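Printed here is query-v7.txt (compact mmCIF, C-alpha atoms):
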# COMPACT_ATOMS: atom_id res chain seq x y z
CA MET A 8 125.00 101.55 80.81
CA LYS A 9 127.04 98.80 79.21
CA LEU A 10 125.39 97.87 75.94
CA THR A 11 125.53 94.08 75.59
CA PRO A 12 123.89 92.03 72.81
CA ARG A 13 121.36 90.76 75.33
CA THR A 14 120.31 94.24 76.58
CA LEU A 15 120.21 95.52 72.99
CA ALA A 16 117.98 92.62 71.89
CA LEU A 17 115.68 93.04 74.92
CA SER A 18 115.39 96.82 74.43
CA THR A 19 114.68 96.34 70.72
CA LEU A 20 111.99 93.77 71.48
CA LYS A 21 110.36 96.11 74.01
CA LEU A 22 110.39 99.01 71.54
CA ILE A 23 108.86 96.84 68.80
CA LEU A 24 106.14 95.68 71.19
CA MET A 25 105.52 99.29 72.31
CA VAL A 26 105.13 100.44 68.68
CA ALA A 27 102.82 97.52 67.92
CA LEU A 28 100.61 98.26 70.94
CA LEU A 29 100.49 102.00 70.18
CA THR A 30 99.60 101.24 66.56
CA LEU A 31 96.81 98.94 67.71
CA VAL A 32 95.54 101.63 70.09
CA LEU A 33 95.69 104.49 67.58
CA ARG A 34 93.88 102.47 64.92
CA GLN A 35 90.87 102.41 67.25
CA VAL A 36 90.86 106.17 67.68
CA GLN A 37 88.38 108.42 65.96
CA TRP A 38 90.07 111.79 65.63
CA GLN A 39 87.15 113.81 64.23
CA ASP A 40 83.42 113.88 65.08
CA ALA A 41 81.47 111.28 63.10
CA ALA A 42 77.78 111.37 62.26
CA THR A 43 75.70 108.21 61.72
CA ILE A 44 72.00 107.55 61.05
CA ASN A 45 70.31 104.96 63.26
CA ASP A 46 67.40 102.66 62.35
CA LEU A 47 64.91 105.38 63.33
CA GLY A 48 66.46 107.86 60.95
CA GLU A 49 67.96 109.92 63.75
CA ARG A 50 71.34 111.57 63.25
CA ILE A 51 73.79 110.58 66.00
CA VAL A 52 77.13 112.35 66.37
CA THR A 53 80.00 110.46 68.00
CA PRO A 54 82.54 112.94 69.37
CA GLY A 55 86.12 112.65 68.22
CA LEU A 56 89.24 113.08 70.30
CA ALA A 57 89.37 116.89 69.99
CA SER A 58 85.74 117.35 71.09
CA ILE A 59 86.25 115.03 74.06
CA MET A 60 89.27 117.00 75.27
CA GLN A 61 87.33 120.28 75.05
CA GLY A 62 84.53 118.90 77.24
CA LEU A 63 86.65 117.86 80.23
CA ASN A 64 85.27 118.62 83.70
CA LEU A 65 88.21 120.28 85.46
CA MET A 66 86.66 119.94 88.93
CA TYR A 67 86.59 116.15 88.65
CA TYR A 68 90.12 116.19 87.24
CA GLY A 69 91.32 118.14 90.28
CA LEU A 70 89.69 115.58 92.58
CA ALA A 71 91.38 112.79 90.64
CA ALA A 72 94.79 114.44 91.09
CA LEU A 73 94.18 114.87 94.84
CA CYS A 74 93.19 111.20 95.15
CA LEU A 75 96.37 110.12 93.36
CA LEU A 76 98.44 112.22 95.77
CA GLY A 77 96.56 110.49 98.60
CA SER A 78 97.48 107.13 97.09
CA LEU A 79 101.18 108.06 96.99
CA ILE A 80 101.16 109.26 100.60
CA SER A 81 99.30 106.12 101.72
CA SER A 82 101.87 103.93 99.98
CA ALA A 83 104.63 105.90 101.72
CA MET A 84 102.96 105.30 105.09
CA ARG A 85 102.74 101.60 104.25
CA TRP A 86 106.43 101.37 103.37
CA HIS A 87 107.25 103.24 106.59
CA ARG A 88 105.38 100.58 108.57
CA VAL A 89 107.16 97.78 106.69
CA LEU A 90 110.53 99.38 107.48
CA ALA A 91 109.57 99.65 111.16
CA ILE A 92 108.52 95.98 111.36
CA LEU A 93 111.88 94.99 109.86
CA GLY A 94 113.65 97.04 112.54
CA LEU A 95 114.78 99.91 110.29
CA SER A 96 114.48 103.43 111.67
CA PHE A 97 113.31 105.99 109.09
CA ARG A 98 111.63 109.33 109.67
CA ARG A 99 108.20 109.53 108.07
CA PRO A 100 108.95 112.72 106.04
CA GLU A 101 112.05 111.06 104.57
CA VAL A 102 110.03 108.02 103.47
CA ILE A 103 107.45 110.27 101.79
CA LYS A 104 110.24 112.06 99.92
CA LEU A 105 111.78 108.76 98.81
CA VAL A 106 108.42 107.49 97.50
CA PHE A 107 107.89 110.65 95.42
CA ILE A 108 111.48 110.45 94.13
CA GLY A 109 111.02 106.81 93.14
CA ASP A 110 107.74 107.62 91.42
CA PHE A 111 109.39 110.46 89.48
CA PHE A 112 112.24 108.24 88.24
CA ASN A 113 109.85 105.45 87.31
CA ASN A 114 107.74 107.79 85.18
CA PHE A 115 110.25 110.14 83.58
CA LEU A 116 113.34 108.00 83.04
CA LEU A 117 113.42 104.87 80.91
CA GLY A 118 117.08 103.95 81.52
CA SER A 119 118.58 101.26 83.72
CA LEU A 120 118.41 103.40 86.88
CA GLY A 121 114.78 102.91 87.91
CA GLY A 122 112.84 104.42 90.80
CA ASP A 123 113.50 101.56 93.20
CA ALA A 124 117.24 101.72 92.53
CA VAL A 125 117.25 105.44 93.30
CA LYS A 126 115.27 104.87 96.50
CA VAL A 127 117.80 102.28 97.65
CA PHE A 128 120.72 104.52 96.70
CA LEU A 129 119.34 107.38 98.80
CA ALA A 130 117.91 105.26 101.63
CA VAL A 131 121.19 103.55 102.50
CA LYS A 132 122.86 106.91 103.13
CA SER A 133 124.75 106.49 106.45
CA ARG A 134 122.85 103.22 107.07
CA PRO A 135 123.81 99.54 107.03
CA HIS A 136 121.44 96.69 106.13
CA LYS A 137 121.19 97.43 102.41
CA ALA A 138 119.77 93.95 101.72
CA VAL A 139 116.97 94.52 104.26
CA ILE A 140 116.11 97.92 102.72
CA VAL A 141 115.92 96.34 99.26
CA THR A 142 113.72 93.59 100.72
CA SER A 143 111.43 96.20 102.32
CA ILE A 144 110.79 97.77 98.90
CA PHE A 145 110.04 94.37 97.38
CA ALA A 146 107.79 93.48 100.32
CA ASP A 147 105.95 96.78 100.02
CA ARG A 148 105.22 96.12 96.34
CA LEU A 149 104.24 92.53 97.13
CA ILE A 150 101.74 93.67 99.76
CA GLY A 151 100.28 96.14 97.29
CA LEU A 152 99.94 93.35 94.72
CA ILE A 153 98.24 91.08 97.27
CA GLY A 154 95.83 93.85 98.24
CA LEU A 155 94.86 94.64 94.64
CA THR A 156 94.47 90.95 93.76
CA VAL A 157 92.32 90.15 96.81
CA HIS A 158 90.16 93.21 96.12
CA ALA A 159 89.66 92.23 92.47
CA ALA A 160 88.95 88.60 93.38
CA ILE A 161 86.30 89.57 95.97
CA MET A 162 84.64 91.93 93.49
CA LEU A 163 84.66 89.22 90.82
CA VAL A 164 83.00 86.69 93.14
CA LEU A 165 80.35 89.19 94.30
CA LEU A 166 79.50 90.39 90.78
CA SER A 167 79.40 86.83 89.44
CA TRP A 168 77.12 85.76 92.30
CA GLN A 169 74.80 88.68 91.54
CA GLY A 170 74.83 87.85 87.82
CA ALA A 171 76.27 91.26 86.97
CA ILE A 172 78.88 89.72 84.64
CA GLU A 173 77.95 87.53 81.70
CA ARG A 174 79.61 84.10 81.72
CA ARG A 175 81.26 84.69 78.33
CA PHE A 176 83.10 87.74 79.73
CA LEU A 177 84.25 86.12 82.99
CA TRP A 178 87.63 85.12 81.53
CA LEU A 179 88.69 88.76 81.16
CA PRO A 180 89.06 89.43 84.91
CA ALA A 181 89.35 85.78 86.00
CA THR A 182 92.46 84.91 83.96
CA PRO A 183 94.92 87.48 85.38
CA ILE A 184 93.51 87.06 88.91
CA THR A 185 93.98 83.28 88.75
CA ILE A 186 97.56 83.56 87.43
CA ILE A 187 98.55 86.02 90.15
CA VAL A 188 96.90 83.97 92.93
CA VAL A 189 98.71 80.81 91.78
CA GLY A 190 102.00 82.73 91.70
CA LEU A 191 101.45 84.07 95.21
CA ILE A 192 100.61 80.61 96.54
CA VAL A 193 103.76 79.12 94.96
CA GLY A 194 105.88 81.96 96.36
CA ALA A 195 104.41 81.60 99.86
CA THR A 196 105.01 77.84 99.75
CA LEU A 197 108.66 78.30 98.79
CA LEU A 198 109.11 80.95 101.50
CA PHE A 199 107.46 79.27 104.49
CA ALA A 200 107.54 75.52 103.82
CA THR A 201 110.61 74.60 105.89
CA LYS A 202 110.14 70.86 105.28
CA LEU A 203 110.19 71.53 101.54
CA HIS A 204 113.41 73.55 102.01
CA GLN A 205 115.00 70.60 103.74
CA ALA A 206 113.75 68.08 101.19
CA LEU A 207 115.06 70.13 98.26
CA ASN A 208 118.17 71.29 100.18
CA LEU A 209 117.35 74.83 99.08
CA GLN A 210 119.64 76.59 101.57
CA ARG A 211 122.67 74.78 100.23
CA LEU A 212 121.67 75.51 96.64
CA VAL A 213 121.05 79.21 97.38
CA GLY A 214 124.41 79.46 99.15
CA ARG A 215 126.21 78.37 95.99
CA ILE A 216 124.74 80.96 93.63
CA PRO A 217 126.15 84.53 93.30
CA GLY A 218 124.44 86.81 95.77
CA GLY A 219 123.09 83.83 97.67
CA LEU A 220 123.82 85.42 101.04
CA HIS A 221 121.72 88.47 100.15
CA LEU A 222 118.93 86.18 98.97
CA GLN A 223 119.00 84.32 102.30
CA GLN A 224 118.85 87.64 104.18
CA ALA A 225 115.91 88.74 102.03
CA SER A 226 114.06 85.47 102.69
CA ALA A 227 114.64 85.83 106.43
CA SER A 228 113.35 89.42 106.34
CA LEU A 229 110.21 88.37 104.47
CA ARG A 230 109.53 85.59 106.99
CA GLN A 231 110.04 88.10 109.80
CA LEU A 232 107.61 90.55 108.18
CA PHE A 233 104.83 88.10 107.31
CA GLY A 234 105.27 86.25 110.60
CA LYS A 235 103.87 89.22 112.57
CA PRO A 236 100.11 89.34 111.84
CA GLY A 237 99.44 92.06 114.42
CA PRO A 238 101.74 94.80 113.03
CA LEU A 239 101.01 93.56 109.50
CA LEU A 240 97.30 94.35 109.94
CA LYS A 241 98.02 98.09 109.93
CA VAL A 242 100.09 97.63 106.78
CA PHE A 243 97.13 96.04 104.98
CA LEU A 244 94.78 98.77 106.27
CA LEU A 245 97.10 101.32 104.66
CA THR A 246 96.96 99.19 101.51
CA LEU A 247 93.17 99.54 101.54
CA CYS A 248 93.56 103.32 101.78
CA CYS A 249 95.98 103.26 98.86
CA GLN A 250 93.56 101.18 96.77
CA PHE A 251 90.63 103.44 97.66
CA PHE A 252 92.50 106.50 96.42
CA SER A 253 93.77 104.74 93.28
CA ILE A 254 90.31 103.52 92.26
CA SER A 255 88.79 106.90 93.11
CA THR A 256 91.37 108.55 90.84
CA VAL A 257 90.22 106.57 87.81
CA ALA A 258 86.54 106.92 88.77
CA PHE A 259 86.88 110.72 88.96
CA LEU A 260 88.68 110.74 85.61
CA GLY A 261 85.80 108.72 84.18
CA ALA A 262 83.36 111.29 85.59
CA CYS A 263 85.56 114.03 84.15
CA LEU A 264 84.98 112.46 80.71
CA GLN A 265 81.32 111.54 81.37
CA LEU A 266 82.25 107.96 80.55
CA GLY A 267 78.99 106.60 81.95
CA LEU A 268 80.50 103.48 83.54
CA PRO A 269 78.98 102.13 86.79
CA LEU A 270 81.10 102.24 89.95
CA VAL A 271 81.38 98.44 90.04
CA ASP A 272 83.35 98.49 86.77
CA TYR A 273 85.99 100.69 88.38
CA LEU A 274 86.02 98.57 91.54
CA LEU A 275 86.65 95.39 89.54
CA TYR A 276 88.80 96.48 86.62
CA VAL A 277 91.04 99.29 87.96
CA PRO A 278 93.06 96.90 90.20
CA ILE A 279 93.55 94.52 87.26
CA VAL A 280 94.62 97.33 84.90
CA PHE A 281 97.12 98.68 87.45
CA ILE A 282 98.55 95.21 88.16
CA LEU A 283 99.04 94.30 84.50
CA SER A 284 100.32 97.72 83.39
CA ALA A 285 103.01 97.56 86.11
CA VAL A 286 104.66 94.61 84.31
CA PRO A 287 107.72 96.07 82.48
CA VAL A 288 106.71 94.82 79.03
CA THR A 289 107.52 98.10 77.23
CA PRO A 290 109.54 101.19 78.26
CA GLY A 291 107.45 103.06 80.80
CA GLY A 292 104.53 100.71 80.10
CA ILE A 293 103.70 102.86 77.05
CA GLY A 294 100.92 101.28 75.01
CA VAL A 295 100.14 98.65 77.66
CA LEU A 296 98.00 100.87 79.90
CA GLU A 297 96.15 102.26 76.88
CA GLU A 298 95.33 98.85 75.43
CA LEU A 299 94.27 97.47 78.83
CA CYS A 300 91.85 100.38 79.30
CA LEU A 301 90.38 99.75 75.84
CA ILE A 302 89.89 96.08 76.76
CA TYR A 303 88.50 96.38 80.28
CA PHE A 304 86.47 99.58 79.89
CA ALA A 305 84.96 98.67 76.52
CA ALA A 306 81.49 98.83 78.12
CA ALA A 307 81.73 102.63 77.85
CA GLY A 308 80.96 102.15 74.16
CA ASN A 309 83.30 104.93 73.03
CA PRO A 310 86.93 103.90 72.47
CA ASN A 311 87.89 107.56 72.00
CA LYS A 312 86.83 108.42 75.53
CA VAL A 313 88.47 105.29 76.92
CA LEU A 314 91.74 106.24 75.21
CA VAL A 315 91.51 109.74 76.67
CA LEU A 316 90.90 108.10 80.07
CA ALA A 317 94.17 106.16 79.69
CA LEU A 318 96.01 109.32 78.60
CA LEU A 319 94.61 111.24 81.57
CA ILE A 320 95.69 108.47 83.95
CA ARG A 321 99.21 108.70 82.55
CA LEU A 322 99.22 112.52 82.60
CA THR A 323 97.97 112.65 86.20
CA ILE A 324 100.61 110.14 87.31
CA LEU A 325 103.30 112.27 85.67
CA LEU A 326 102.05 115.51 87.24
CA THR A 327 101.73 114.11 90.77
CA SER A 328 105.25 112.66 90.59
CA LEU A 329 106.83 116.09 89.87
CA PRO A 330 107.43 116.89 93.59
CA GLY A 331 109.88 113.99 93.48
CA LEU A 332 112.23 116.12 91.35
CA VAL A 333 112.30 118.83 94.04
CA PHE A 334 112.90 116.26 96.79
CA PHE A 335 115.63 114.62 94.71
CA TRP A 336 117.66 117.82 94.39
CA SER A 337 117.50 118.28 98.16
CA TYR A 338 119.68 115.19 98.67
CA GLY A 339 122.83 117.06 97.60
CA GLN A 340 125.88 114.84 97.10
CA LYS A 341 123.84 111.65 96.83
CA ALA A 342 121.76 113.21 94.07
CA THR A 343 124.95 114.36 92.33
CA ALA A 344 126.26 110.78 92.34
CA ILE A 345 123.02 109.53 90.78
CA ARG A 346 123.09 112.28 88.15
CA SER A 347 126.62 111.17 87.22
CA GLU A 348 125.35 107.60 86.88
CA LEU A 349 122.54 108.82 84.63
CA GLU A 350 125.02 110.69 82.41
CA LYS A 351 127.06 107.47 82.04
CA ASP A 352 123.83 105.65 81.24
CA GLU A 353 123.04 108.10 78.44
CA GLU A 354 126.60 107.96 77.05
CA GLY A 355 126.40 104.17 76.98

Here is a file; write its structure as structure tokens.
Amino acid sequence: MKLTPRTLALSTLKLILMVALLTLVLRQVQWQDAATINDLGERIVTPGLASIMQGLNLMYYGLAALCLLGSLISSAMRWHRVLAILGLSFRRPEVIKLVFIGDFFNNFLLGSLGGDAVKVFLAVKSRPHKAVIVTSIFADRLIGLIGLTVHAAIMLVLLSWQGAIERRFLWLPATPITIIVVGLIVGATLLFATKLHQALNLQRLVGRIPGGLHLQQASASLRQLFGKPGPLLKVFLLTLCCQFFSISTVAFLGACLQLGLPLVDYLLYVPIVFILSAVPVTPGGIGVLEELCLIYFAAAGNPNKVLVLALLIRLTILLTSLPGLVFFWSYGQKATAIRSELEKDEEG
């Protein structure tokens, strides 16, 4: 990786932010058991981090891991459908392998060669239409984002209507949902409003910028994808499956820790936590996921357990992505080329 002043400054900023977030998280941790006396004179012991880890329910943890595997396979099936709608022929087993490989690279490597780049590198083997394949990955992520946002918004409306959320706490889920919805509306307007394109002469402007042709191809592919509501319905049904497994993963981890949170908290807050933690603010999102869990699952009343929940989410994601390493090595020469690129990245 070529080390420029800009990349050095950005990496330094991310590392500083990561350290700050981790410091903020760790300051809220109680490492040892603590005893307090309540107003009735009763002695109450709050378990520390070590005691919490010793009391894990392994059966629930196993169910959480299985659900996360189900989420990965569902997302692979969704991407396979997106590829098919865009006219790209991929075998289903190959798509599953590519999803696991991408997940592995996203979680274990913090360099410039991310999971999506590796998926593209391997997917274009003996295939044309690289721009369309890249667009399919972006579209797949976009559909996942739409699904999570719609789910969270519906849950927020239902819980607010039932009075299950106090007005003073509404801003916590409402703020990120509103920002994402506005962004999606603006993006959809720019993509489909042909009269706006003509008024702003966007095609001419895009044609002048570097990579403009690829951008035009990507826009055409997105219009082709979202212009087919029938085939797209199955894609969104697979998105629902993916969300069900993702939320179930965190709910089972909460049960594993005896967190005591109601199911509605997971249904509302898990999509928001996953959306926000996916933003590449720090390397690997370290510190972001932990702080988000402490914010949105504060109702558990025990920040130690909430922190362990975040750590278990991260650990489970890492473990379920390990098959991607095996699949990666099976790609032979293509994998060798990527490994060479990684070695250059490390030397840089």

Discussion item. I'd like the contact shell of Val271 in chain A - 9 Å cut-off, all atoms listed in the file, skipping same-chain residues fewer than 3 positions apart - returned as number ranges by chain.
Written reply: A: 162, 166, 268, 274-276

Worksheet item: Smallest atom-to-atom distance to Leu318 in chain A: which of A:Leu149, A:Cys248, A:Leu73, A:Met60, using only C-alpha atoms?
Response: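 Counting only C-alpha atoms, the residue closest to Leu318 in chain A is A:Met60.
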
Worksheet item: CA of Ser328 in chain A and CA of Phe111 in chain A are how many Å apart?
Response: 4.8 Å

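Nearest-residue note for Glu297 in chain A: choosing from A:Ile192, A:Thr30, A:Ile80, A:Ala160, the minimum distance belongs to A:Thr30, counting all atoms listed in the file.
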
Discussion item. Between CA of Thr256 in chain A and CA of Leu129 in chain A, what distance in Å does the model show, to one decimal?
Written reply: 29.1 Å

Worksheet item: Using only C-alpha atoms, which of A:Cys74, A:Leu326, A:Leu319, A:Leu179 sits nearest Phe304 in chain A?
Response: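 Checking each of A:Cys74, A:Leu326, A:Leu319, A:Leu179 against Phe304 in chain A, counting only C-alpha atoms, the winner is A:Leu179.
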
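For the pair CA of Tyr67 in chain A and CA of Ala307 in chain A, the interatomic distance is 18.0 Å.
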
Worksheet item: Which is closest to Phe145 in chain A among A:Leu229, A:Leu70, A:Val102, A:Val125, if we use all atoms listed in the file?
Response: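 Of A:Leu229, A:Leu70, A:Val102, A:Val125, the one nearest Phe145 in chain A, counting all atoms listed in the file, is A:Leu229.
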
Practice prompt. Find the spatial neighbours of Arg230 in chain A, counting all atoms listed in the file, within a cut-off of 10 Å - ignore same-chain residues fewer than 4 positions away - and output them as a list in words.
Written response: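 Once the adjacent positions are removed, what remains is Ala195, Leu198, Phe199, Gln224, Ala225, Ser226, Gly234 and Lys235 of chain A.
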
Can I get the selection written as a PDB file, in the frame of the given file, with C-alpha atoms?
ATOM      1  CA  ALA A 195     104.410  81.600  99.860  1.00  0.00           C
ATOM      2  CA  LEU A 198     109.110  80.950 101.500  1.00  0.00           C
ATOM      3  CA  PHE A 199     107.460  79.270 104.490  1.00  0.00           C
ATOM      4  CA  GLN A 224     118.850  87.640 104.180  1.00  0.00           C
ATOM      5  CA  ALA A 225     115.910  88.740 102.030  1.00  0.00           C
ATOM      6  CA  SER A 226     114.060  85.470 102.690  1.00  0.00           C
ATOM      7  CA  GLY A 234     105.270  86.250 110.600  1.00  0.00           C
ATOM      8  CA  LYS A 235     103.870  89.220 112.570  1.00  0.00           C
TER       9      LYS A 235
END

Discussion item. Report as a list of chain:residue names all protein, DNA and RNA residues lying within 12 Å of Arg99 in chain A, evaluated on all atoms listed in the file, omitting residues in the same chain fewer than 4 positions from it.
Written reply: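 Contacts, in chain order: A:Ile80, A:Ser81, A:Ser82, A:Ala83, A:Met84, A:Arg85, A:Trp86, A:His87, A:Arg88, A:Val89, A:Leu90, A:Ala91, A:Leu95, A:Ile103, A:Lys104, A:Leu105, A:Val106.
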
Selection to disk with C-alpha atoms, as a PDB file, in the frame of the given file:
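The resulting file, again-v7.pdb, is shown below:
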ATOM      1  CA  ILE A  80     101.160 109.260 100.600  1.00  0.00           C
ATOM      2  CA  SER A  81      99.300 106.120 101.720  1.00  0.00           C
ATOM      3  CA  SER A  82     101.870 103.930  99.980  1.00  0.00           C
ATOM      4  CA  ALA A  83     104.630 105.900 101.720  1.00  0.00           C
ATOM      5  CA  MET A  84     102.960 105.300 105.090  1.00  0.00           C
ATOM      6  CA  ARG A  85     102.740 101.600 104.250  1.00  0.00           C
ATOM      7  CA  TRP A  86     106.430 101.370 103.370  1.00  0.00           C
ATOM      8  CA  HIS A  87     107.250 103.240 106.590  1.00  0.00           C
ATOM      9  CA  ARG A  88     105.380 100.580 108.570  1.00  0.00           C
ATOM     10  CA  VAL A  89     107.160  97.780 106.690  1.00  0.00           C
ATOM     11  CA  LEU A  90     110.530  99.380 107.480  1.00  0.00           C
ATOM     12  CA  ALA A  91     109.570  99.650 111.160  1.00  0.00           C
ATOM     13  CA  LEU A  95     114.780  99.910 110.290  1.00  0.00           C
ATOM     14  CA  ILE A 103     107.450 110.270 101.790  1.00  0.00           C
ATOM     15  CA  LYS A 104     110.240 112.060  99.920  1.00  0.00           C
ATOM     16  CA  LEU A 105     111.780 108.760  98.810  1.00  0.00           C
ATOM     17  CA  VAL A 106     108.420 107.490  97.500  1.00  0.00           C
TER      18      VAL A 106
END

Could you please fill out range 311-334 of chain A with N, CA and C atoms and send it back as an mmCIF file, keeping the file's coordinate frame?
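Final output, selection-v3.cif:
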data_model
loop_
_atom_site.group_PDB
_atom_site.id
_atom_site.type_symbol
_atom_site.label_atom_id
_atom_site.label_comp_id
_atom_site.auth_asym_id
_atom_site.auth_seq_id
_atom_site.Cartn_x
_atom_site.Cartn_y
_atom_site.Cartn_z
ATOM 1 N N ASN A 311 87.190 106.271 71.922
ATOM 2 C CA ASN A 311 87.890 107.560 72.000
ATOM 3 C C ASN A 311 87.965 108.055 73.438
ATOM 4 N N LYS A 312 86.846 107.970 74.140
ATOM 5 C CA LYS A 312 86.830 108.420 75.530
ATOM 6 C C LYS A 312 87.678 107.512 76.413
ATOM 7 N N VAL A 313 87.664 106.219 76.127
ATOM 8 C CA VAL A 313 88.470 105.290 76.920
ATOM 9 C C VAL A 313 89.957 105.573 76.716
ATOM 10 N N LEU A 314 90.346 105.895 75.472
ATOM 11 C CA LEU A 314 91.740 106.240 75.210
ATOM 12 C C LEU A 314 92.127 107.517 75.950
ATOM 13 N N VAL A 315 91.239 108.503 75.933
ATOM 14 C CA VAL A 315 91.510 109.740 76.670
ATOM 15 C C VAL A 315 91.617 109.437 78.166
ATOM 16 N N LEU A 316 90.797 108.508 78.671
ATOM 17 C CA LEU A 316 90.900 108.100 80.070
ATOM 18 C C LEU A 316 92.306 107.580 80.368
ATOM 19 N N ALA A 317 92.824 106.704 79.492
ATOM 20 C CA ALA A 317 94.170 106.160 79.690
ATOM 21 C C ALA A 317 95.216 107.272 79.643
ATOM 22 N N LEU A 318 95.054 108.212 78.711
ATOM 23 C CA LEU A 318 96.010 109.320 78.600
ATOM 24 C C LEU A 318 95.953 110.215 79.837
ATOM 25 N N LEU A 319 94.748 110.423 80.364
ATOM 26 C CA LEU A 319 94.610 111.240 81.570
ATOM 27 C C LEU A 319 95.207 110.546 82.788
ATOM 28 N N ILE A 320 95.059 109.222 82.860
ATOM 29 C CA ILE A 320 95.690 108.470 83.950
ATOM 30 C C ILE A 320 97.194 108.681 83.904
ATOM 31 N N ARG A 321 97.757 108.534 82.707
ATOM 32 C CA ARG A 321 99.210 108.700 82.550
ATOM 33 C C ARG A 321 99.640 110.133 82.868
ATOM 34 N N LEU A 322 98.885 111.115 82.365
ATOM 35 C CA LEU A 322 99.220 112.520 82.600
ATOM 36 C C LEU A 322 99.154 112.854 84.090
ATOM 37 N N THR A 323 98.129 112.366 84.768
ATOM 38 C CA THR A 323 97.970 112.650 86.200
ATOM 39 C C THR A 323 99.089 112.015 87.006
ATOM 40 N N ILE A 324 99.485 110.811 86.639
ATOM 41 C CA ILE A 324 100.610 110.140 87.310
ATOM 42 C C ILE A 324 101.888 110.968 87.138
ATOM 43 N N LEU A 325 102.106 111.460 85.934
ATOM 44 C CA LEU A 325 103.300 112.270 85.670
ATOM 45 C C LEU A 325 103.286 113.557 86.492
ATOM 46 N N LEU A 326 102.136 114.235 86.531
ATOM 47 C CA LEU A 326 102.050 115.510 87.240
ATOM 48 C C LEU A 326 102.244 115.338 88.745
ATOM 49 N N THR A 327 101.631 114.300 89.310
ATOM 50 C CA THR A 327 101.730 114.110 90.770
ATOM 51 C C THR A 327 103.107 113.599 91.192
ATOM 52 N N SER A 328 103.903 113.112 90.233
ATOM 53 C CA SER A 328 105.250 112.660 90.590
ATOM 54 C C SER A 328 106.277 113.794 90.527
ATOM 55 N N LEU A 329 105.890 114.975 90.020
ATOM 56 C CA LEU A 329 106.830 116.090 89.870
ATOM 57 C C LEU A 329 107.473 116.550 91.187
ATOM 58 N N PRO A 330 106.747 116.521 92.336
ATOM 59 C CA PRO A 330 107.430 116.890 93.590
ATOM 60 C C PRO A 330 108.667 116.043 93.865
ATOM 61 N N GLY A 331 108.714 114.841 93.297
ATOM 62 C CA GLY A 331 109.880 113.990 93.480
ATOM 63 C C GLY A 331 111.158 114.622 92.948
ATOM 64 N N LEU A 332 111.049 115.438 91.895
ATOM 65 C CA LEU A 332 112.230 116.120 91.350
ATOM 66 C C LEU A 332 112.780 117.114 92.362
ATOM 67 N N VAL A 333 111.882 117.862 93.020
ATOM 68 C CA VAL A 333 112.300 118.830 94.040
ATOM 69 C C VAL A 333 112.964 118.114 95.212
ATOM 70 N N PHE A 334 112.341 117.027 95.670
ATOM 71 C CA PHE A 334 112.900 116.260 96.790
ATOM 72 C C PHE A 334 114.259 115.666 96.419
#
